[in-house]
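Okay, protein21.cif is below, mmCIF, C-alpha atoms and all ligand atoms:
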data_entry
loop_
_atom_site.label_atom_id
_atom_site.label_comp_id
_atom_site.auth_asym_id
_atom_site.auth_seq_id
_atom_site.Cartn_x
_atom_site.Cartn_y
_atom_site.Cartn_z
CA MET A 1 260.66 -97.31 20.57
CA PRO A 2 262.25 -96.18 23.81
CA ALA A 3 265.71 -97.71 24.33
CA ALA A 4 264.90 -100.02 21.39
CA ASN A 5 262.77 -102.05 23.82
CA ARG A 6 265.89 -103.56 25.34
CA ALA A 7 263.72 -104.75 28.15
CA GLU A 8 260.45 -103.71 29.69
CA ILE A 9 257.81 -104.62 32.22
CA VAL A 10 254.35 -104.84 30.74
CA VAL A 11 251.51 -104.53 33.24
CA ASP A 12 248.02 -105.53 32.19
CA LEU A 13 245.60 -103.27 34.05
CA ALA A 14 242.61 -105.27 32.77
CA ALA A 15 244.03 -108.28 34.61
CA ILE A 16 244.19 -106.30 37.87
CA ARG A 17 240.60 -105.12 37.45
CA ALA A 18 239.41 -108.65 36.65
CA ASN A 19 241.34 -110.12 39.61
CA VAL A 20 239.78 -107.61 41.99
CA ARG A 21 236.31 -108.39 40.67
CA ARG A 22 237.02 -112.11 41.06
CA LEU A 23 238.33 -111.76 44.62
CA ARG A 24 235.49 -109.48 45.59
CA GLU A 25 233.04 -112.10 44.35
CA LEU A 26 234.91 -114.98 45.96
CA ALA A 27 235.25 -113.36 49.39
CA GLY A 28 231.83 -111.71 49.43
CA VAL A 29 233.04 -108.87 51.68
CA PRO A 30 234.68 -105.50 50.93
CA LEU A 31 238.15 -105.74 49.49
CA ILE A 32 241.18 -103.84 50.74
CA ALA A 33 243.60 -103.91 47.79
CA VAL A 34 247.19 -103.74 49.04
CA VAL A 35 249.36 -101.61 46.77
CA LYS A 36 252.45 -101.19 48.97
CA ALA A 37 255.97 -101.55 47.60
CA ASP A 38 255.05 -99.85 44.32
CA GLY A 39 252.10 -102.15 43.85
CA TYR A 40 254.25 -105.25 44.34
CA GLY A 41 256.41 -103.96 41.49
CA HIS A 42 253.46 -103.25 39.18
CA GLY A 43 253.36 -99.49 39.78
CA MET A 44 251.44 -98.21 42.80
CA VAL A 45 249.31 -95.46 41.28
CA GLU A 46 248.29 -97.36 38.16
CA SER A 47 247.59 -100.54 40.13
CA ALA A 48 245.56 -98.56 42.65
CA ARG A 49 243.39 -97.04 39.92
CA ALA A 50 242.83 -100.42 38.33
CA ALA A 51 241.94 -101.92 41.71
CA ARG A 52 239.41 -99.15 42.37
CA ASP A 53 237.96 -99.63 38.90
CA GLY A 54 237.65 -103.35 39.64
CA GLY A 55 235.61 -102.58 42.75
CA ALA A 56 238.09 -102.38 45.63
CA GLU A 57 236.37 -100.39 48.39
CA TRP A 58 239.67 -99.79 50.16
CA LEU A 59 243.34 -99.45 49.31
CA ALA A 60 246.20 -100.08 51.69
CA THR A 61 249.87 -99.25 51.81
CA ALA A 62 252.55 -99.95 54.35
CA THR A 63 253.80 -96.39 54.90
CA ILE A 64 252.24 -92.95 55.27
CA ASP A 65 254.43 -91.73 52.40
CA GLU A 66 252.93 -94.30 50.08
CA ALA A 67 249.41 -93.36 51.15
CA LEU A 68 250.13 -89.64 50.67
CA ALA A 69 251.49 -90.40 47.19
CA LEU A 70 248.16 -92.03 46.33
CA ARG A 71 246.31 -88.93 47.53
CA ALA A 72 248.67 -86.74 45.49
CA ALA A 73 247.80 -88.87 42.46
CA GLY A 74 244.13 -88.11 43.03
CA ASP A 75 242.84 -91.07 44.99
CA ARG A 76 240.03 -89.98 47.29
CA GLY A 77 238.68 -93.30 48.56
CA ARG A 78 239.17 -95.16 51.82
CA LEU A 79 242.84 -95.75 52.39
CA LEU A 80 244.73 -97.50 55.20
CA CYS A 81 248.41 -97.56 56.13
CA TRP A 82 250.15 -99.39 58.94
CA LEU A 83 253.88 -98.94 59.30
CA THR A 84 255.33 -95.96 61.12
CA VAL A 85 258.24 -94.94 63.31
CA PRO A 86 258.31 -92.33 66.06
CA GLY A 87 258.15 -88.79 64.70
CA GLU A 88 256.01 -89.68 61.69
CA ASP A 89 253.90 -86.89 60.13
CA TYR A 90 250.53 -88.07 61.41
CA ALA A 91 249.00 -84.62 60.89
CA ALA A 92 249.57 -84.90 57.14
CA ALA A 93 248.00 -88.34 57.03
CA ILE A 94 245.03 -87.20 59.10
CA ALA A 95 244.52 -84.10 56.94
CA ALA A 96 244.53 -86.38 53.89
CA GLY A 97 241.78 -88.54 55.36
CA ILE A 98 244.00 -91.59 55.60
CA ASP A 99 243.25 -94.28 58.17
CA VAL A 100 246.39 -94.71 60.26
CA THR A 101 247.19 -97.80 62.29
CA ALA A 102 248.39 -97.84 65.87
CA TYR A 103 250.32 -100.72 67.45
CA SER A 104 250.84 -99.15 70.87
CA VAL A 105 249.74 -96.55 73.38
CA ALA A 106 252.80 -94.49 72.46
CA GLU A 107 251.63 -94.37 68.86
CA LEU A 108 248.14 -93.40 69.94
CA ASP A 109 249.67 -90.51 71.89
CA GLU A 110 251.50 -89.38 68.77
CA ILE A 111 248.34 -89.70 66.69
CA ALA A 112 246.47 -87.56 69.25
CA ALA A 113 249.09 -84.86 68.86
CA GLY A 114 248.79 -85.17 65.08
CA ALA A 115 245.01 -84.77 65.25
CA THR A 116 245.40 -81.64 67.37
CA GLU A 117 247.95 -80.27 64.90
CA ALA A 118 245.68 -81.03 61.95
CA GLY A 119 242.65 -79.67 63.81
CA LEU A 120 240.75 -82.77 62.74
CA ARG A 121 239.47 -86.02 64.15
CA ALA A 122 241.73 -88.85 63.00
CA ARG A 123 240.62 -92.22 61.69
CA VAL A 124 242.54 -94.87 63.59
CA GLN A 125 242.70 -98.61 63.20
CA LEU A 126 244.13 -100.76 65.97
CA LYS A 127 246.40 -103.62 65.10
CA VAL A 128 246.69 -106.52 67.51
CA ASP A 129 249.37 -109.19 67.43
CA THR A 130 247.60 -112.54 67.43
CA GLY A 131 250.71 -114.63 66.90
CA LEU A 132 252.79 -113.29 64.03
CA SER A 133 255.03 -111.54 66.57
CA ARG A 134 255.71 -108.76 64.08
CA GLY A 135 253.71 -105.52 64.27
CA GLY A 136 250.66 -104.99 66.45
CA ALA A 137 249.93 -104.71 70.14
CA PRO A 138 251.04 -107.79 72.08
CA ARG A 139 248.31 -109.55 73.98
CA ALA A 140 249.53 -108.35 77.37
CA ASP A 141 248.97 -104.77 76.22
CA TRP A 142 245.50 -105.17 74.70
CA ALA A 143 243.53 -103.92 77.71
CA ALA A 144 245.56 -100.73 78.14
CA PHE A 145 245.72 -100.20 74.38
CA PHE A 146 241.95 -100.44 73.94
CA GLU A 147 241.35 -98.27 76.98
CA ARG A 148 243.59 -95.52 75.59
CA ALA A 149 241.89 -95.90 72.19
CA ARG A 150 238.47 -95.45 73.74
CA ALA A 151 239.61 -92.48 75.82
CA GLY A 152 240.93 -90.81 72.66
CA GLU A 153 237.62 -91.41 70.98
CA LEU A 154 235.74 -89.80 73.88
CA ALA A 155 238.18 -86.90 73.84
CA GLY A 156 237.44 -86.34 70.15
CA SER A 157 240.95 -87.17 68.92
CA TRP A 158 239.78 -89.92 66.60
CA LYS A 159 237.26 -92.45 65.61
CA VAL A 160 238.46 -96.05 65.90
CA THR A 161 237.49 -97.29 62.46
CA GLY A 162 239.01 -100.73 62.56
CA VAL A 163 240.61 -103.52 64.56
CA TRP A 164 242.82 -105.92 62.66
CA SER A 165 245.56 -108.50 62.72
CA HIS A 166 247.68 -110.53 60.31
CA PHE A 167 248.33 -114.24 59.82
CA ALA A 168 251.73 -115.91 59.97
CA CYS A 169 250.90 -119.11 58.06
CA ALA A 170 247.88 -118.37 55.88
CA ASP A 171 249.59 -120.01 52.90
CA GLU A 172 249.72 -123.28 54.85
CA PRO A 173 246.02 -123.84 55.47
CA ASP A 174 246.56 -126.81 57.80
CA HIS A 175 249.03 -125.02 60.05
CA PRO A 176 247.71 -124.92 63.62
CA ALA A 177 248.73 -121.26 63.98
CA ASN A 178 245.79 -120.25 61.76
CA ASP A 179 243.11 -121.50 64.15
CA GLN A 180 245.01 -120.07 67.12
CA GLN A 181 245.33 -116.66 65.53
CA GLU A 182 241.69 -116.58 64.52
CA ALA A 183 240.66 -117.50 68.09
CA ARG A 184 242.90 -114.80 69.53
CA PHE A 185 241.47 -112.29 67.11
CA HIS A 186 237.99 -113.10 68.41
CA GLU A 187 239.30 -112.52 71.95
CA ALA A 188 240.74 -109.17 70.93
CA LEU A 189 237.46 -108.13 69.31
CA ALA A 190 235.53 -109.07 72.45
CA LEU A 191 237.94 -107.08 74.60
CA ALA A 192 237.70 -104.08 72.26
CA GLU A 193 233.94 -104.23 72.51
CA GLU A 194 234.13 -104.39 76.30
CA ALA A 195 236.25 -101.26 76.18
CA GLY A 196 233.41 -99.55 74.32
CA LEU A 197 234.94 -99.62 70.84
CA ARG A 198 232.64 -100.20 67.85
CA PRO A 199 234.94 -100.45 64.82
CA ASP A 200 233.27 -100.75 61.41
CA LEU A 201 236.04 -102.83 59.95
CA ARG A 202 237.38 -105.96 61.57
CA HIS A 203 239.87 -107.65 59.27
CA LEU A 204 242.36 -110.48 59.49
CA ALA A 205 242.76 -112.19 56.11
CA ASN A 206 245.45 -111.60 53.50
CA SER A 207 245.03 -113.13 50.02
CA ALA A 208 245.66 -116.72 51.09
CA ALA A 209 243.23 -116.55 54.01
CA ALA A 210 240.67 -114.60 51.94
CA VAL A 211 240.61 -117.52 49.55
CA LEU A 212 241.11 -120.46 51.90
CA ARG A 213 239.51 -119.48 55.24
CA PRO A 214 235.93 -118.26 54.92
CA GLY A 215 235.79 -117.85 58.72
CA ALA A 216 238.60 -115.31 58.62
CA ARG A 217 236.91 -112.87 56.25
CA PHE A 218 235.14 -110.76 58.91
CA ASP A 219 234.21 -107.31 57.50
CA ALA A 220 236.89 -107.11 54.81
CA VAL A 221 239.87 -108.93 53.34
CA ARG A 222 243.30 -107.41 52.63
CA CYS A 223 244.49 -108.81 49.35
CA GLY A 224 247.84 -108.05 47.80
CA ILE A 225 249.43 -110.82 45.78
CA ALA A 226 246.14 -112.17 44.42
CA VAL A 227 245.22 -108.72 43.07
CA TYR A 228 248.24 -109.03 40.80
CA GLY A 229 247.06 -112.47 39.71
CA LEU A 230 249.58 -114.64 41.51
CA ASP A 231 248.74 -117.70 43.56
CA PRO A 232 248.78 -116.80 47.28
CA ALA A 233 249.21 -120.41 48.44
CA PRO A 234 250.83 -122.51 45.74
CA GLY A 235 249.91 -126.15 46.10
CA HIS A 236 246.85 -125.39 48.24
CA THR A 237 244.57 -123.50 45.89
CA GLN A 238 242.46 -124.65 42.99
CA ASP A 239 242.35 -122.55 39.87
CA LEU A 240 241.12 -119.26 41.24
CA GLY A 241 240.62 -117.68 37.84
CA LEU A 242 243.24 -115.03 38.53
CA VAL A 243 245.42 -113.66 35.75
CA PRO A 244 249.04 -112.56 36.37
CA ALA A 245 249.22 -108.89 35.44
CA MET A 246 252.98 -108.70 34.85
CA THR A 247 255.00 -109.76 31.83
CA VAL A 248 258.73 -109.07 31.70
CA ARG A 249 260.14 -108.91 28.20
CA ALA A 250 263.52 -108.28 26.66
CA ARG A 251 265.11 -108.69 23.24
CA LEU A 252 268.07 -110.85 22.37
CA ALA A 253 271.20 -108.73 22.08
CA MET A 254 273.21 -111.45 20.33
CA VAL A 255 273.09 -115.11 19.29
CA LYS A 256 276.21 -117.25 18.99
CA ASP A 257 277.48 -120.80 18.61
CA LEU A 258 279.19 -122.66 21.40
CA ALA A 259 281.32 -125.76 20.98
CA ALA A 260 281.26 -128.66 23.41
CA GLY A 261 283.55 -127.68 26.28
CA ASP A 262 282.83 -123.94 26.08
CA SER A 263 281.97 -122.49 29.50
CA VAL A 264 279.57 -119.65 30.13
CA SER A 265 279.55 -116.47 32.23
CA TYR A 266 281.39 -115.55 35.44
CA GLY A 267 282.94 -118.45 37.28
CA HIS A 268 282.32 -120.78 34.35
CA LEU A 269 279.50 -122.38 36.29
CA TRP A 270 278.18 -124.16 33.20
CA THR A 271 280.02 -125.90 30.39
CA ALA A 272 278.38 -127.04 27.17
CA ASP A 273 278.51 -130.84 26.88
CA ARG A 274 277.59 -130.61 23.19
CA PRO A 275 277.61 -127.93 20.52
CA THR A 276 274.76 -125.52 21.04
CA THR A 277 273.65 -121.94 20.46
CA VAL A 278 273.17 -119.32 23.16
CA GLY A 279 271.38 -115.99 23.31
CA LEU A 280 272.44 -112.93 25.24
CA VAL A 281 269.54 -111.41 27.17
CA PRO A 282 270.34 -107.82 28.19
CA VAL A 283 268.96 -107.86 31.74
CA GLY A 284 270.55 -108.85 35.02
CA TYR A 285 270.49 -108.29 38.73
CA GLY A 286 270.75 -104.56 38.06
CA ASP A 287 267.23 -104.94 36.68
CA GLY A 288 266.06 -107.00 39.63
CA VAL A 289 266.63 -110.39 38.01
CA PRO A 290 267.65 -112.54 40.98
CA ARG A 291 271.22 -113.83 40.81
CA HIS A 292 269.74 -116.99 42.32
CA ALA A 293 268.17 -117.61 38.91
CA SER A 294 271.62 -118.70 37.68
CA GLY A 295 272.05 -122.12 36.08
CA PRO A 296 273.50 -124.77 35.94
CA HIS A 297 271.26 -126.91 38.04
CA HIS A 298 267.88 -125.43 38.67
CA GLY A 299 268.19 -122.14 36.86
CA ALA A 300 265.16 -120.23 35.73
CA GLU A 301 263.88 -120.44 32.17
CA VAL A 302 262.77 -117.81 29.70
CA GLY A 303 260.49 -118.05 26.67
CA VAL A 304 261.99 -117.56 23.20
CA GLY A 305 259.97 -118.22 20.04
CA GLY A 306 257.41 -120.29 21.93
CA LYS A 307 260.03 -122.51 23.63
CA ARG A 308 261.34 -122.51 27.18
CA ARG A 309 265.07 -121.89 27.33
CA PRO A 310 267.22 -122.33 30.44
CA ILE A 311 269.55 -119.71 31.84
CA ARG A 312 273.14 -120.97 31.67
CA GLY A 313 275.81 -119.85 34.07
CA ARG A 314 275.65 -116.86 36.37
CA VAL A 315 273.19 -114.03 36.11
CA CYS A 316 275.37 -110.89 35.75
CA MET A 317 274.52 -107.30 36.62
CA ASP A 318 273.31 -106.43 33.12
CA GLN A 319 272.98 -109.67 31.20
CA VAL A 320 272.23 -113.35 31.23
CA VAL A 321 272.94 -116.12 28.74
CA VAL A 322 270.26 -118.62 27.73
CA ASP A 323 270.68 -121.93 25.94
CA LEU A 324 268.91 -121.88 22.57
CA GLY A 325 269.66 -125.56 21.95
CA GLY A 326 270.85 -125.08 18.37
CA ASP A 327 268.14 -122.64 17.26
CA ARG A 328 269.38 -119.44 15.67
CA PRO A 329 266.80 -116.71 16.14
CA ASP A 330 267.88 -113.26 14.99
CA ALA A 331 269.29 -110.77 17.42
CA GLY A 332 266.35 -108.59 18.44
CA GLU A 333 264.00 -111.55 18.85
CA ALA A 334 261.60 -111.25 21.79
CA VAL A 335 262.40 -112.99 25.06
CA VAL A 336 259.82 -113.34 27.84
CA LEU A 337 261.28 -113.83 31.30
CA PHE A 338 257.90 -114.50 32.84
CA GLY A 339 254.27 -113.76 32.23
CA PRO A 340 250.80 -115.29 32.42
CA PRO A 341 250.64 -119.07 31.98
CA ALA A 342 248.08 -118.72 29.19
CA ALA A 343 250.86 -117.16 27.10
CA GLY A 344 252.83 -120.42 27.36
CA VAL A 345 255.78 -118.66 28.98
CA PRO A 346 257.45 -119.27 32.35
CA THR A 347 255.54 -117.71 35.23
CA ALA A 348 256.65 -115.67 38.23
CA GLN A 349 255.82 -118.80 40.24
CA ASP A 350 258.22 -120.84 38.06
CA TRP A 351 260.90 -118.23 38.71
CA ALA A 352 260.18 -118.29 42.44
CA GLU A 353 260.64 -122.06 42.53
CA ALA A 354 263.85 -121.85 40.49
CA CYS A 355 265.22 -119.16 42.81
CA GLY A 356 264.13 -120.67 46.12
CA THR A 357 261.80 -117.79 46.93
CA ILE A 358 258.14 -116.76 46.61
CA ASN A 359 256.32 -115.16 43.69
CA TYR A 360 255.93 -111.96 45.78
CA GLU A 361 259.67 -111.36 45.75
CA ILE A 362 260.05 -112.05 42.03
CA VAL A 363 257.55 -109.38 40.93
CA THR A 364 258.34 -106.86 43.68
CA ARG A 365 262.10 -106.79 43.08
CA ILE A 366 262.02 -106.76 39.28
CA GLY A 367 262.54 -103.31 37.82
CA GLY A 368 265.81 -101.45 38.04
CA ARG A 369 266.36 -99.82 34.66
CA MET A 370 263.39 -101.41 32.98
CA PRO A 371 260.56 -99.06 32.04
CA ARG A 372 256.99 -100.13 32.77
CA ARG A 373 254.38 -100.08 30.05
CA TYR A 374 250.67 -100.33 30.83
CA VAL A 375 248.27 -102.20 28.59
CA ASP A 376 244.64 -103.21 28.70
CA SER A 377 244.16 -106.74 27.46
CA GLU A 378 240.87 -108.36 26.64
CA VAL A 379 240.92 -110.19 30.00
CA GLY A 380 237.67 -109.87 31.85
CA ARG A 381 236.15 -107.22 29.62
C1 LIG B 401 251.39 -107.16 52.57
C2 LIG B 401 250.30 -107.33 53.53
C3 LIG B 401 249.06 -107.84 53.13
C4 LIG B 401 248.81 -108.43 51.78
O1 LIG B 401 249.22 -109.79 51.81
P1 LIG B 401 249.07 -110.75 50.56
O2 LIG B 401 249.58 -112.04 51.04
O3 LIG B 401 249.91 -110.16 49.47
O4 LIG B 401 247.63 -110.76 50.20
C5 LIG B 401 248.02 -107.83 54.05
N1 LIG B 401 248.21 -107.35 55.30
C6 LIG B 401 249.41 -106.90 55.72
C7 LIG B 401 249.56 -106.41 57.10
C8 LIG B 401 250.49 -106.88 54.86
O5 LIG B 401 251.67 -106.42 55.29
#
Could you express the structure from this file as structure tokens?
Ligand SMILES: *Cc1c(COP(=O)(O)O)cnc(C)c1O
Amino acid sequence: MPAANRAEIVVDLAAIRANVRRLRELAGVPLIAVVKADGYGHGMVESARAARDGGAEWLATATIDEALALRAAGDRGRLLCWLTVPGEDYAAAIAAGIDVTAYSVAELDEIAAGATEAGLRARVQLKVDTGLSRGGAPRADWAAFFERARAGELAGSWKVTGVWSHFACADEPDHPANDQQEARFHEALALAEEAGLRPDLRHLANSAAAVLRPGARFDAVRCGIAVYGLDPAPGHTQDLGLVPAMTVRARLAMVKDLAAGDSVSYGHLWTADRPTTVGLVPVGYGDGVPRHASGPHHGAEVGVGGKRRPIRGRVCMDQVVVDLGGDRPDAGEAVVLFGPPAAGVPTAQDWAEACGTINYEIVTRIGGRMPRRYVDSEVGR
């Protein structure tokens, strides 16, 4: 076994395929599977293949580099990216048949130059800011932006393949920003049409909106977190039938007795108030385990021998200590940091709550030295 299985990330590709099928069925429109940030920590190329196999018509990444890496790995399907800086290699993206996104007239000018360089007609999607105030053309610029986009189309630089935007509060279904953004998106679409644009793909919804706002589905939905089986809007969704694809496992490096009054890990944050046993888990923030998972108060838990065991004291760079409550498993015993709820282990959502963050960050940041292993469970076969 590599590195004696000190610790590893197990990714269930069958879960990704089943989740995509489920989302595709639930939304009833084409699915754009978002595989940015190394597939939210699940491995971009493998996740992308599984998403395609599950029926995703499109893939999306943030950067051109990510999209080019998918092409280099053999992906030939529809593929969108959306985050660039001045001087980006648009010609390479255009030559690879990648849909690029423009936020501004300046970007459209760069894309035109890229299309000339590539000697090809680009595929361009236009992103409008409907209220997130992050990327996308601000409302005041829409008219000029669409006009330039149409002129480029007439000049043969590109085909405008999509118009899209992104929600700020989709995970809070009752937030008034959702209705406002959807209304503004309709305005943008009307304006684009007036400018003569006829995009095939109008899209607004991320996972949470794909699930919770039927009116926001338009021609496609862009799902990331739900593809990996995590709840996009905890507290607002019913059981969606999604299966978390990631399990993080380690093996106990050591088990020892503590006496009442013994304190644990850097800063002695936690002191045993009774005799107990503790296990040393050989992963830490160097492996992407959040230091915010530290005990004593609301630390995260791990699964050992079918029981949930709390982290005690600070998470270190390479190791954490868990309270085994008097049990004495052998060194080498399996520890599950998080995995699917059906396995009876803590979930990424549990870790997010313990760490004061969201499940996205838990799975995306985990990694470091841990190798990934891909499996195909029986899920959804
Ligand atoms: C990351 C991202 C998504 C996917 O969001 P989820 O909430 O993970 O479904 C969709 N659209 C854009 C623009 C994104 O940056």
Given the point (237.4, -110.4, 70.3) in the coordinates of this file, which residues lie within 12 Å, counting only C-alpha atoms, and how would they look as a VMD selection string? chain A and resid 128 130 139 142 to 143 146 163 to 165 181 to 195 197 to 199 202 to 204 218
Distance CA of Ala112 in chain A-CA of Gly136 in chain A, one decimal place?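 Computing the Euclidean distance for CA of Ala112 in chain A and CA of Gly136 in chain A yields 18.1 Å.
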Distance query Gly41 in chain A at most 9 Å, all atoms listed in the file, self and fewer than 3 positions along chain excluded, as a PyMOL selection string: chain A and resi 36-38+44+246+362-367
Do you know which residues are within 9 Å of ligand LIG 401 (chain B) using all atoms listed in the file? Can you write them as an MDAnalysis selection string? chainID A and resid 32:37 40 60:62 81:83 135 164:167 170:171 204:210 221:228 232:233 360
May I ask which of the residues A:Arg6, A:Arg328, A:Arg309, A:His292 is the closest one to Thr277 in chain A, counting all atoms listed in the file? A:Arg328
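Using only C-alpha atoms, the nearest neighbour of Arg52 in chain A within the list A:Gly215, A:Gly77, A:Gly156, A:Gly313 is A:Gly77.
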Between CA of Asn19 in chain A and CA of Leu201 in chain A, distance in Å (one decimal): 22.2 Å
Could you jot down the CA of Lys159 in chain A to CA of Arg71 in chain A separation for me, Å, one decimal place? 20.5 Å
Need the shell around Arg312 in chain A: protein/DNA/RNA residues with any atom at most 6 Å away, counting only C-alpha atoms. Skip same-chain ones fewer than 5 positions apart. Format as a ChimeraX atom specification? /A:295-296,321-322
Exercise: Leu31 in chain A partners within 9 Å, all atoms listed in the file, chain neighbours under 2 positions left out, as an MDAnalysis selection string: chainID A and resid 20 23:24 27:29 33 55:59 220:223
Quick one: residues within 10 Å of Ala293 in chain A, only C-alpha atoms counted, chain neighbours fewer than 2 positions away excluded, as a list in words?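 Listing them by chain and then by number gives Gly284, Tyr285, Val289, Pro290, Arg291, Gly295, Pro296, His297, His298, Gly299, Ala300, Glu301, Pro310, Ile311, Arg312, Gly313, Arg314, Val315, Val320, Trp351, Ala352, Glu353, Ala354, Cys355 and Gly356 of chain A.
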Counting all atoms listed in the file, the option among A:Gln125, A:Thr271, A:Thr247, A:Gln180 closest to Leu13 in chain A: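 Comparing A:Gln125, A:Thr271, A:Thr247, A:Gln180 against Leu13 in chain A, the winner is A:Thr247.
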My list of candidates is A:Leu26, A:Val11, A:Cys169, A:Pro214. Which is closest to Leu242 in chain A when distances are computed with only C-alpha atoms?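 Residue with the minimum atom-to-atom distance to Leu242 in chain A: A:Leu26.
Omitting range 257-262 of chain A and its sequence neighbours fewer than 2 positions away, and counting only C-alpha atoms, the residues within 9 Å are Val255, Val264, His268, Trp270, Thr271, Ala272, Asp273, Arg274, Pro275, Thr276, Thr277, Val278, Gly326 and Arg328 of chain A.
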Please supply range 137-143 of chain A, rebuilt with all heavy atoms, as a PDB file, in the frame of the given file.
ATOM      1  N   ALA A 137     249.833-104.717  68.676  1.00  0.00           N
ATOM      2  CA  ALA A 137     249.930-104.710  70.140  1.00  0.00           C
ATOM      3  C   ALA A 137     249.985-106.146  70.657  1.00  0.00           C
ATOM      4  O   ALA A 137     249.132-106.960  70.315  1.00  0.00           O
ATOM      5  CB  ALA A 137     248.721-104.005  70.737  1.00  0.00           C
ATOM      6  N   PRO A 138     250.985-106.449  71.480  1.00  0.00           N
ATOM      7  CA  PRO A 138     251.040-107.790  72.080  1.00  0.00           C
ATOM      8  C   PRO A 138     249.869-107.988  73.045  1.00  0.00           C
ATOM      9  O   PRO A 138     249.336-107.032  73.604  1.00  0.00           O
ATOM     10  CB  PRO A 138     252.387-107.818  72.801  1.00  0.00           C
ATOM     11  CG  PRO A 138     252.838-106.408  72.898  1.00  0.00           C
ATOM     12  CD  PRO A 138     252.106-105.608  71.873  1.00  0.00           C
ATOM     13  N   ARG A 139     249.501-109.222  73.216  1.00  0.00           N
ATOM     14  CA  ARG A 139     248.310-109.550  73.980  1.00  0.00           C
ATOM     15  C   ARG A 139     248.291-108.926  75.373  1.00  0.00           C
ATOM     16  O   ARG A 139     247.242-108.465  75.847  1.00  0.00           O
ATOM     17  CB  ARG A 139     248.270-111.073  74.115  1.00  0.00           C
ATOM     18  CG  ARG A 139     246.918-111.634  74.293  1.00  0.00           C
ATOM     19  CD  ARG A 139     247.088-113.125  74.359  1.00  0.00           C
ATOM     20  NE  ARG A 139     245.806-113.791  74.427  1.00  0.00           N
ATOM     21  CZ  ARG A 139     245.687-115.064  74.757  1.00  0.00           C
ATOM     22  NH1 ARG A 139     246.758-115.775  75.033  1.00  0.00           N
ATOM     23  NH2 ARG A 139     244.502-115.609  74.806  1.00  0.00           N
ATOM     24  N   ALA A 140     249.446-108.895  76.006  1.00  0.00           N
ATOM     25  CA  ALA A 140     249.530-108.350  77.370  1.00  0.00           C
ATOM     26  C   ALA A 140     249.163-106.872  77.401  1.00  0.00           C
ATOM     27  O   ALA A 140     248.798-106.352  78.454  1.00  0.00           O
ATOM     28  CB  ALA A 140     250.950-108.556  77.922  1.00  0.00           C
ATOM     29  N   ASP A 141     249.246-106.214  76.268  1.00  0.00           N
ATOM     30  CA  ASP A 141     248.970-104.770  76.220  1.00  0.00           C
ATOM     31  C   ASP A 141     247.549-104.441  75.752  1.00  0.00           C
ATOM     32  O   ASP A 141     247.172-103.265  75.717  1.00  0.00           O
ATOM     33  CB  ASP A 141     249.947-104.066  75.266  1.00  0.00           C
ATOM     34  CG  ASP A 141     251.389-104.169  75.729  1.00  0.00           C
ATOM     35  OD1 ASP A 141     251.622-104.648  76.855  1.00  0.00           O
ATOM     36  OD2 ASP A 141     252.288-103.769  74.952  1.00  0.00           O
ATOM     37  N   TRP A 142     246.797-105.454  75.341  1.00  0.00           N
ATOM     38  CA  TRP A 142     245.500-105.170  74.700  1.00  0.00           C
ATOM     39  C   TRP A 142     244.587-104.306  75.571  1.00  0.00           C
ATOM     40  O   TRP A 142     243.994-103.340  75.079  1.00  0.00           O
ATOM     41  CB  TRP A 142     244.765-106.470  74.335  1.00  0.00           C
ATOM     42  CG  TRP A 142     245.384-107.196  73.182  1.00  0.00           C
ATOM     43  CD1 TRP A 142     246.426-106.762  72.397  1.00  0.00           C
ATOM     44  CD2 TRP A 142     245.014-108.486  72.680  1.00  0.00           C
ATOM     45  NE1 TRP A 142     246.722-107.715  71.437  1.00  0.00           N
ATOM     46  CE2 TRP A 142     245.873-108.777  71.590  1.00  0.00           C
ATOM     47  CE3 TRP A 142     244.051-109.435  73.043  1.00  0.00           C
ATOM     48  CZ2 TRP A 142     245.788-109.963  70.864  1.00  0.00           C
ATOM     49  CZ3 TRP A 142     243.958-110.616  72.315  1.00  0.00           C
ATOM     50  CH2 TRP A 142     244.819-110.871  71.237  1.00  0.00           C
ATOM     51  N   ALA A 143     244.477-104.642  76.851  1.00  0.00           N
ATOM     52  CA  ALA A 143     243.530-103.920  77.710  1.00  0.00           C
ATOM     53  C   ALA A 143     243.875-102.436  77.764  1.00  0.00           C
ATOM     54  O   ALA A 143     243.004-101.568  77.537  1.00  0.00           O
ATOM     55  CB  ALA A 143     243.506-104.544  79.105  1.00  0.00           C
TER      56      ALA A 143
END
